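Engineer: If it helps, the file is called input10.tsv and holds TSV, C-alpha atoms:
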```
chain	number	residue	atom	x	y	z
A	1	GLU	CA	-64.03	64.08	-17.86
A	2	ILE	CA	-60.30	63.43	-18.12
A	3	ASN	CA	-59.02	65.56	-21.00
A	4	GLU	CA	-55.97	63.49	-21.95
A	5	ASN	CA	-54.87	59.88	-22.31
A	6	ILE	CA	-53.86	58.42	-18.91
A	7	ARG	CA	-53.95	54.71	-19.81
A	8	GLY	CA	-51.30	52.87	-17.77
A	9	ASN	CA	-50.26	55.98	-15.79
A	10	SER	CA	-49.88	56.36	-12.01
A	11	ILE	CA	-52.27	59.13	-10.95
A	12	PHE	CA	-52.40	61.30	-7.83
A	13	ALA	CA	-55.81	62.91	-7.14
A	14	VAL	CA	-55.33	65.76	-4.64
A	15	GLN	CA	-58.37	66.93	-2.66
A	16	SER	CA	-58.93	68.06	0.94
A	17	THR	CA	-62.40	67.10	2.17
A	18	SER	CA	-62.84	70.37	4.06
A	19	ASN	CA	-65.78	72.78	3.90
A	20	PRO	CA	-67.93	72.27	1.84
A	21	ALA	CA	-67.09	68.71	2.86
A	22	ASN	CA	-69.85	66.88	0.98
A	23	ASP	CA	-69.16	68.73	-2.30
A	24	ASN	CA	-65.42	68.09	-2.04
A	25	LEU	CA	-65.91	64.44	-1.14
A	26	MET	CA	-68.29	63.81	-4.08
A	27	GLU	CA	-65.90	65.63	-6.41
A	28	LEU	CA	-63.06	63.35	-5.25
A	29	LEU	CA	-65.16	60.18	-5.65
A	30	ILE	CA	-66.35	61.11	-9.16
A	31	CYS	CA	-62.80	62.05	-10.17
A	32	ILE	CA	-61.44	58.69	-8.92
A	33	ASP	CA	-64.20	56.85	-10.80
A	34	ALA	CA	-63.38	58.73	-14.01
A	35	LEU	CA	-59.68	57.93	-13.58
A	36	ARG	CA	-60.38	54.24	-12.98
A	37	ARG	CA	-62.61	54.02	-16.07
A	38	SER	CA	-59.86	55.73	-18.08
A	39	SER	CA	-57.56	52.74	-17.37
A	40	ALA	CA	-55.17	54.45	-14.96
A	41	LYS	CA	-52.51	52.01	-13.74
A	42	ASN	CA	-53.05	53.03	-10.10
A	43	ILE	CA	-54.74	55.91	-8.27
A	44	THR	CA	-53.48	57.54	-5.08
A	45	ALA	CA	-56.03	59.76	-3.30
A	46	VAL	CA	-54.03	62.57	-1.67
A	47	ILE	CA	-56.31	63.87	1.10
A	48	PRO	CA	-54.37	66.42	3.19
A	49	TYR	CA	-57.42	66.90	5.47
A	50	PHE	CA	-59.64	63.85	5.96
A	51	GLY	CA	-62.90	65.60	6.81
A	52	TYR	CA	-64.93	62.93	8.59
A	53	ALA	CA	-62.09	61.64	10.77
A	54	ARG	CA	-63.52	62.73	14.12
A	55	GLN	CA	-66.54	60.44	13.82
A	56	ASP	CA	-64.42	57.31	14.17
A	57	ARG	CA	-66.48	55.42	16.78
A	58	LYS	CA	-69.92	55.28	18.36
A	59	VAL	CA	-69.79	57.64	21.34
A	60	VAL	CA	-73.57	57.43	21.88
A	61	PRO	CA	-76.01	54.77	20.63
A	62	ARG	CA	-77.54	54.82	17.13
A	63	THR	CA	-74.93	57.01	15.43
A	64	ALA	CA	-72.94	56.50	12.24
A	65	ILE	CA	-69.21	55.85	12.07
A	66	SER	CA	-68.71	58.30	9.22
A	67	ALA	CA	-64.92	57.84	9.00
A	68	LYS	CA	-65.43	54.16	8.12
A	69	LEU	CA	-68.24	54.95	5.67
A	70	VAL	CA	-66.09	57.52	3.83
A	71	SER	CA	-63.13	55.15	3.71
A	72	ASN	CA	-65.38	52.51	2.10
A	73	LEU	CA	-66.63	55.06	-0.46
A	74	ILE	CA	-63.11	56.10	-1.46
A	75	THR	CA	-61.92	52.48	-1.72
A	76	ASN	CA	-64.95	51.35	-3.73
A	77	ALA	CA	-64.63	54.35	-6.06
A	78	GLY	CA	-61.31	52.85	-7.17
A	79	ALA	CA	-58.46	54.39	-5.12
A	80	ASN	CA	-55.45	52.07	-4.69
A	81	ARG	CA	-53.66	54.09	-1.99
A	82	ILE	CA	-54.35	56.96	0.43
A	83	LEU	CA	-51.93	59.74	1.36
A	84	SER	CA	-53.08	61.93	4.25
A	85	VAL	CA	-51.69	64.24	6.93
A	86	ASP	CA	-52.16	63.83	10.70
A	87	LEU	CA	-55.25	61.63	10.75
A	88	HIS	CA	-57.31	62.42	13.85
A	89	ALA	CA	-56.83	58.85	15.09
A	90	GLY	CA	-54.16	56.47	13.82
A	91	GLN	CA	-56.71	53.64	13.83
A	92	ILE	CA	-58.44	55.21	10.79
A	93	GLN	CA	-55.67	53.64	8.69
A	94	GLY	CA	-57.30	50.31	9.55
A	95	PHE	CA	-60.66	51.48	8.14
A	96	PHE	CA	-59.13	51.22	4.66
A	97	ASP	CA	-58.39	47.90	2.98
A	98	ILE	CA	-55.70	49.60	0.87
A	99	PRO	CA	-52.30	51.05	1.90
A	100	VAL	CA	-52.45	54.34	3.83
A	101	ASP	CA	-49.50	56.73	4.25
A	102	ASN	CA	-50.20	59.05	7.18
A	103	LEU	CA	-47.77	62.00	7.17
A	104	PHE	CA	-46.97	64.05	10.27
A	105	ALA	CA	-46.63	67.83	10.55
A	106	THR	CA	-44.41	67.48	13.67
A	107	PRO	CA	-41.05	67.85	11.83
A	108	ILE	CA	-42.29	71.05	10.13
A	109	PHE	CA	-43.45	72.44	13.50
A	110	ALA	CA	-40.14	71.51	15.15
A	111	ARG	CA	-38.15	73.35	12.46
A	112	HIS	CA	-40.38	76.43	12.85
A	113	ILE	CA	-40.00	76.42	16.66
A	114	LYS	CA	-36.20	76.12	16.46
A	115	LYS	CA	-36.10	79.02	14.00
A	116	LYS	CA	-38.60	81.39	15.66
A	117	LEU	CA	-38.66	80.64	19.41
A	118	SER	CA	-36.12	80.48	22.21
A	119	ILE	CA	-35.88	76.79	23.15
A	120	ASN	CA	-34.26	77.35	26.57
A	121	ASN	CA	-37.46	77.79	28.57
A	122	LEU	CA	-39.93	75.86	26.45
A	123	ILE	CA	-42.56	73.28	27.36
A	124	CYS	CA	-44.90	71.37	25.02
A	125	VAL	CA	-48.52	71.16	26.14
A	126	SER	CA	-51.11	68.59	25.10
A	127	PRO	CA	-54.65	70.09	25.08
A	128	ASP	CA	-56.11	66.71	26.14
A	129	VAL	CA	-55.06	63.19	27.11
A	130	GLY	CA	-55.60	61.93	23.53
A	131	GLY	CA	-52.93	64.26	22.16
A	132	VAL	CA	-50.09	63.16	24.47
A	133	GLU	CA	-48.35	61.00	21.84
A	134	ARG	CA	-48.30	63.90	19.34
A	135	THR	CA	-47.01	66.29	22.02
A	136	ARG	CA	-44.31	63.86	23.13
A	137	ALA	CA	-43.13	63.44	19.53
A	138	LEU	CA	-42.68	67.22	19.21
A	139	SER	CA	-41.02	67.54	22.63
A	140	ARG	CA	-38.42	64.91	21.65
A	141	LYS	CA	-37.53	66.83	18.49
A	142	ILE	CA	-36.97	70.13	20.34
A	143	ASN	CA	-35.71	68.58	23.60
A	144	ALA	CA	-38.41	70.08	25.84
A	145	GLY	CA	-40.62	68.83	28.67
A	146	ILE	CA	-44.36	68.19	28.40
A	147	ALA	CA	-47.51	69.15	30.28
A	148	ILE	CA	-51.05	67.78	29.86
A	149	ILE	CA	-54.39	69.56	30.16
A	150	ASP	CA	-57.12	67.50	31.76
A	151	LYS	CA	-60.36	68.61	30.11
A	152	ARG	CA	-63.92	67.39	29.85
A	153	ARG	CA	-66.70	68.03	27.34
A	154	PRO	CA	-69.99	68.94	29.07
A	155	ALA	CA	-71.65	69.16	25.61
A	156	PRO	CA	-70.63	68.64	21.96
A	157	GLY	CA	-68.38	71.46	20.77
A	158	LYS	CA	-67.76	72.74	24.31
A	159	SER	CA	-64.79	72.00	26.57
A	160	GLU	CA	-63.88	72.74	30.16
A	161	VAL	CA	-60.36	72.69	31.64
A	162	MET	CA	-60.22	70.74	34.90
A	163	ASN	CA	-56.50	70.47	35.74
A	164	ILE	CA	-53.03	71.09	34.30
A	165	ILE	CA	-50.56	68.27	34.84
A	166	GLY	CA	-47.01	69.63	34.76
A	167	GLU	CA	-45.18	72.85	35.63
A	168	VAL	CA	-45.86	75.76	33.25
A	169	LYS	CA	-45.02	78.73	35.47
A	170	ASN	CA	-42.67	81.30	33.83
A	171	LYS	CA	-42.35	79.09	30.73
A	172	THR	CA	-43.07	79.61	27.04
A	173	CYS	CA	-45.79	77.05	26.29
A	174	VAL	CA	-46.34	75.39	22.93
A	175	ILE	CA	-49.77	73.75	22.52
A	176	VAL	CA	-49.83	71.21	19.70
A	177	ASP	CA	-52.96	69.59	18.25
A	178	ASP	CA	-54.23	68.12	14.99
A	179	ILE	CA	-57.48	70.10	14.54
A	180	ILE	CA	-58.84	73.46	15.64
A	181	ASP	CA	-62.56	73.77	14.90
A	182	SER	CA	-64.49	76.44	16.82
A	183	GLY	CA	-61.37	77.32	18.83
A	184	GLY	CA	-63.03	76.83	22.24
A	185	THR	CA	-60.70	74.09	23.48
A	186	ILE	CA	-57.49	75.90	22.51
A	187	VAL	CA	-58.61	79.32	23.80
A	188	ASN	CA	-59.68	77.80	27.15
A	189	ALA	CA	-56.41	75.89	27.36
A	190	ALA	CA	-54.36	79.04	26.69
A	191	GLN	CA	-56.28	80.96	29.36
A	192	ALA	CA	-55.79	78.16	31.91
A	193	ILE	CA	-52.04	78.04	31.19
A	194	ILE	CA	-51.67	81.83	31.56
A	195	ASN	CA	-53.63	81.64	34.83
A	196	LYS	CA	-51.02	79.14	36.06
A	197	GLY	CA	-48.25	81.67	35.41
A	198	ALA	CA	-47.03	80.83	31.90
A	199	LYS	CA	-45.11	83.57	30.09
A	200	ASP	CA	-46.39	83.10	26.51
A	201	VAL	CA	-48.61	80.61	24.67
A	202	TYR	CA	-47.96	79.54	21.08
A	203	VAL	CA	-50.25	77.11	19.30
A	204	TYR	CA	-49.30	74.71	16.47
A	205	ILE	CA	-52.22	73.11	14.60
A	206	THR	CA	-52.17	70.86	11.52
A	207	HIS	CA	-55.75	71.38	10.30
A	208	ALA	CA	-57.39	74.78	10.86
A	209	VAL	CA	-61.12	74.20	10.30
A	210	LEU	CA	-61.93	77.56	11.99
A	211	SER	CA	-65.72	77.25	11.94
A	212	GLY	CA	-68.07	80.04	13.05
A	213	SER	CA	-66.38	82.88	14.96
A	214	ALA	CA	-63.17	80.91	15.63
A	215	VAL	CA	-60.83	83.56	14.14
A	216	GLU	CA	-62.42	86.32	16.22
A	217	ARG	CA	-62.15	84.12	19.32
A	218	ILE	CA	-58.43	83.53	18.68
A	219	GLU	CA	-57.80	87.26	18.14
A	220	LYS	CA	-59.31	88.06	21.55
A	221	SER	CA	-57.54	85.18	23.36
A	222	LYS	CA	-54.28	84.95	25.31
A	223	ILE	CA	-52.63	83.10	22.41
A	224	LYS	CA	-49.56	85.02	21.21
A	225	LYS	CA	-49.38	83.24	17.83
A	226	LEU	CA	-51.26	80.37	16.16
A	227	ILE	CA	-49.27	78.56	13.47
A	228	THR	CA	-51.13	76.23	11.13
A	229	THR	CA	-50.54	74.41	7.84
A	230	ASP	CA	-52.33	74.87	4.52
A	231	THR	CA	-54.10	71.47	4.45
A	232	ILE	CA	-57.29	73.59	4.43
A	233	ASP	CA	-57.51	76.82	2.43
A	234	ASN	CA	-58.36	79.53	4.97
A	235	SER	CA	-56.85	82.50	3.16
A	236	LYS	CA	-60.16	84.41	3.10
A	237	LYS	CA	-60.95	83.79	6.77
A	238	ILE	CA	-57.61	84.84	8.18
A	239	ARG	CA	-56.46	87.60	5.81
A	240	MET	CA	-57.15	90.24	8.51
A	241	SER	CA	-55.76	88.19	11.41
A	242	LYS	CA	-52.50	89.25	13.04
A	243	LYS	CA	-52.24	86.19	15.27
A	244	ILE	CA	-52.53	83.38	12.69
A	245	GLU	CA	-49.58	82.31	10.54
A	246	ILE	CA	-49.68	79.67	7.77
A	247	ILE	CA	-46.77	77.42	6.87
A	248	SER	CA	-46.90	75.27	3.74
A	249	ILE	CA	-47.06	71.50	3.90
A	250	ALA	CA	-46.73	71.20	0.09
A	251	PRO	CA	-42.98	70.30	0.05
A	252	MET	CA	-43.57	67.35	2.40
A	253	ILE	CA	-46.60	66.07	0.44
A	254	SER	CA	-44.78	66.42	-2.89
A	255	GLU	CA	-41.76	64.53	-1.53
A	256	ALA	CA	-44.06	61.73	-0.28
A	257	MET	CA	-45.77	61.57	-3.70
A	258	LYS	CA	-42.37	61.30	-5.40
A	259	ARG	CA	-41.35	58.46	-3.08
A	260	ILE	CA	-44.63	56.60	-3.69
A	261	ALA	CA	-44.16	56.97	-7.46
A	262	ASN	CA	-40.57	55.67	-7.19
A	263	SER	CA	-41.53	52.87	-4.74
A	264	THR	CA	-39.12	54.13	-2.04
A	265	SER	CA	-39.68	54.56	1.71
A	266	VAL	CA	-42.11	57.24	2.89
A	267	SER	CA	-41.56	56.54	6.61
A	268	SER	CA	-37.89	57.54	6.31
A	269	LEU	CA	-39.13	61.13	5.79
A	270	PHE	CA	-39.61	61.32	9.58
A	271	LYS	CA	-36.37	59.75	10.81
```
Mind turning the file's structure into structure tokens?
Structural biologist:
Amino acid sequence: EINENIRGNSIFAVQSTSNPANDNLMELLICIDALRRSSAKNITAVIPYFGYARQDRKVVPRTAISAKLVSNLITNAGANRILSVDLHAGQIQGFFDIPVDNLFATPIFARHIKKKLSINNLICVSPDVGGVERTRALSRKINAGIAIIDKRRPAPGKSEVMNIIGEVKNKTCVIVDDIIDSGGTIVNAAQAIINKGAKDVYVYITHAVLSGSAVERIEKSKIKKLITTDTIDNSKKIRMSKKIEIISIAPMISEAMKRIANSTSVSSLFK
């Protein structure tokens, strides 16, 4: 129930579809429906973490494409626009038949690196081939080289490092990725980089899912520091962790919301 008159207003419904994903998703859908039936002028669903994004294609036969299903649900509930952060695959924007603004955490990470790390001997590392574009975007902002980890997945949720493409010896390595789930991929990548002679390994992640014993795994790993944003509330999980640092993405999201409300450019945020 909406407790005040919103007829003719532009509304922003803010909800990350993180754990418990189904509860949060249903809450968002019901809220959008209530807003639509209350005669809101337009509704923007602000989804900092789009929970079903990784199931964006059929990897094996007879499986669902959940990212497309969820996009249909949100659109049919009555949303007029989507605002999200670092979608797992850029193509997910095409799953929606409404405008999608996909924000990037790269500028926030670049500012943090310039402030906290020595940039002289830095190299950006992509944990897999799919993350090269994200890694290159960060490397351009901090004027560093890049390396790529060639990995394979022998089973769902497990990863194995095969090769490291690029020179990491005696360098401070920055691994950048959009999601850390169980932590296996990142921990294995950090170990492989250290084995190749890297000095330190820092990790920058947009969405920290941190399922199962991920925090414990990170604490025991070769990672010096893991920096993540607050698109998912993990305050309870990481309150005892000394290796995980959270930086807020709220200023960037609020600026994007202001620009949407004023019908000005959102993309210019990243120039």
Engineer: Atom CA of Val187 of chain A to atom CA of Ala53 of chain A: how many Å, to one decimal?
Structural biologist: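 Between these atoms lies a distance of 22.2 Å.
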Engineer: Give me the residues of segment 149-209 of chain A that have any atom at most 10 Å from an atom of segment 222-240 of chain A; for each, the nearest atom pair and the distance in Å, rounded to one decimal. Use only C-alpha atoms, sort by chain and number, and format it as a Markdown table.
Structural biologist:
```
| residue | atom | partner | partner_atom | distance |
| --- | --- | --- | --- | --- |
| A:Cys173 | CA | A:Ile223 | CA | 9.9 |
| A:Val174 | CA | A:Leu226 | CA | 9.7 |
| A:Ile175 | CA | A:Leu226 | CA | 9.3 |
| A:Val176 | CA | A:Ile227 | CA | 9.7 |
| A:Asp177 | CA | A:Thr228 | CA | 9.9 |
| A:Asp178 | CA | A:Thr228 | CA | 9.5 |
| A:Ile179 | CA | A:Thr228 | CA | 9.5 |
| A:Ile180 | CA | A:Thr228 | CA | 9.4 |
| A:Ile186 | CA | A:Ile223 | CA | 8.7 |
| A:Val187 | CA | A:Ile223 | CA | 7.2 |
| A:Asn188 | CA | A:Lys222 | CA | 9.1 |
| A:Ala189 | CA | A:Ile223 | CA | 9.5 |
| A:Ala190 | CA | A:Lys222 | CA | 6.1 |
| A:Gln191 | CA | A:Lys222 | CA | 6.0 |
| A:Ala192 | CA | A:Lys222 | CA | 9.6 |
| A:Ile193 | CA | A:Lys222 | CA | 9.3 |
| A:Ile194 | CA | A:Lys222 | CA | 7.5 |
| A:Asp200 | CA | A:Lys224 | CA | 6.5 |
| A:Val201 | CA | A:Ile223 | CA | 5.2 |
| A:Tyr202 | CA | A:Lys225 | CA | 5.1 |
| A:Val203 | CA | A:Leu226 | CA | 4.6 |
| A:Tyr204 | CA | A:Ile227 | CA | 4.9 |
| A:Ile205 | CA | A:Thr228 | CA | 4.8 |
| A:Thr206 | CA | A:Thr229 | CA | 5.4 |
| A:His207 | CA | A:Thr231 | CA | 6.1 |
| A:Ala208 | CA | A:Thr228 | CA | 6.4 |
| A:Val209 | CA | A:Ile232 | CA | 7.0 |
```
Engineer: What does the distance from atom CA of Pro127 of chain A to atom CA of Ile164 of chain A come to in Å, to one decimal?
Structural biologist: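 These atoms are spaced 9.4 Å apart.
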Engineer: What does the distance between atom CA of Thr17 of chain A and atom CA of Glu255 of chain A come to in Å, to one decimal place?
Structural biologist: 21.1 Å
Engineer: Using only C-alpha atoms, determine which residues lie at most 8 Å from Asn9 of chain A, disregarding the query and same-chain residues fewer than 5 positions distant; provide the list as a ChimeraX atom specification.
Structural biologist: /A:40-42
Engineer: Please write the residues from the selection above to a file, keeping C-alpha atoms, as a compact mmCIF listing (two decimals), keeping the file's coordinate frame.
Structural biologist:
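Contents of result12.txt, freshly written:
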```
# COMPACT_ATOMS: atom_id res chain seq x y z
CA ALA A 40 -55.17 54.45 -14.96
CA LYS A 41 -52.51 52.01 -13.74
CA ASN A 42 -53.05 53.03 -10.10
```
Engineer: Name the residues within 9 Å of (-58.9, 53.3, -12.5), counting only C-alpha atoms in the file's coordinates, and put them as a list in words.
Structural biologist: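 Those within range, by chain then number, are Arg7, Ile11, Ile32, Asp33, Ala34, Leu35, Arg36, Arg37, Ser38, Ser39, Ala40, Lys41, Asn42, Ile43, Ala77, Gly78, Ala79 and Asn80 of chain A.
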Engineer: Within 12 Å of (-42.7, 57.8, -7.0), in the coordinates the file gives, what residues turn up when you count all atoms listed in the file, written out as a PyMOL selection string?
Structural biologist: chain A and resi 9-12+42+44+253-266
Engineer: Using all atoms listed in the file, find the one residue out of A:Gly51, A:Gly183, A:Pro20, A:Pro107 that sits nearest to Leu69 of chain A.
Structural biologist: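 Counting all atoms listed in the file, the residue closest to Leu69 of chain A is A:Gly51.
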Engineer: Using all atoms listed in the file, find the one residue out of A:Thr75, A:Thr172, A:Asp128, A:Pro48 that sits nearest to Asp101 of chain A.
Structural biologist: A:Pro48
Engineer: Of the residues A:Phe109, A:Lys114, A:Leu25, A:Gly90, which is the one nearest to Thr135 of chain A, using only C-alpha atoms?
Structural biologist: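 For Thr135 of chain A, the nearest of the given residues is A:Phe109.
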Engineer: Give me, as a VMD selection string, all polymer residues having an atom no more than 8 Å from segment 136-152 of chain A, counting all atoms listed in the file and skipping those fewer than 5 positions away in the same chain.
Structural biologist: chain A and resid 106 to 107 109 to 110 113 to 114 119 122 to 129 159 to 168 189
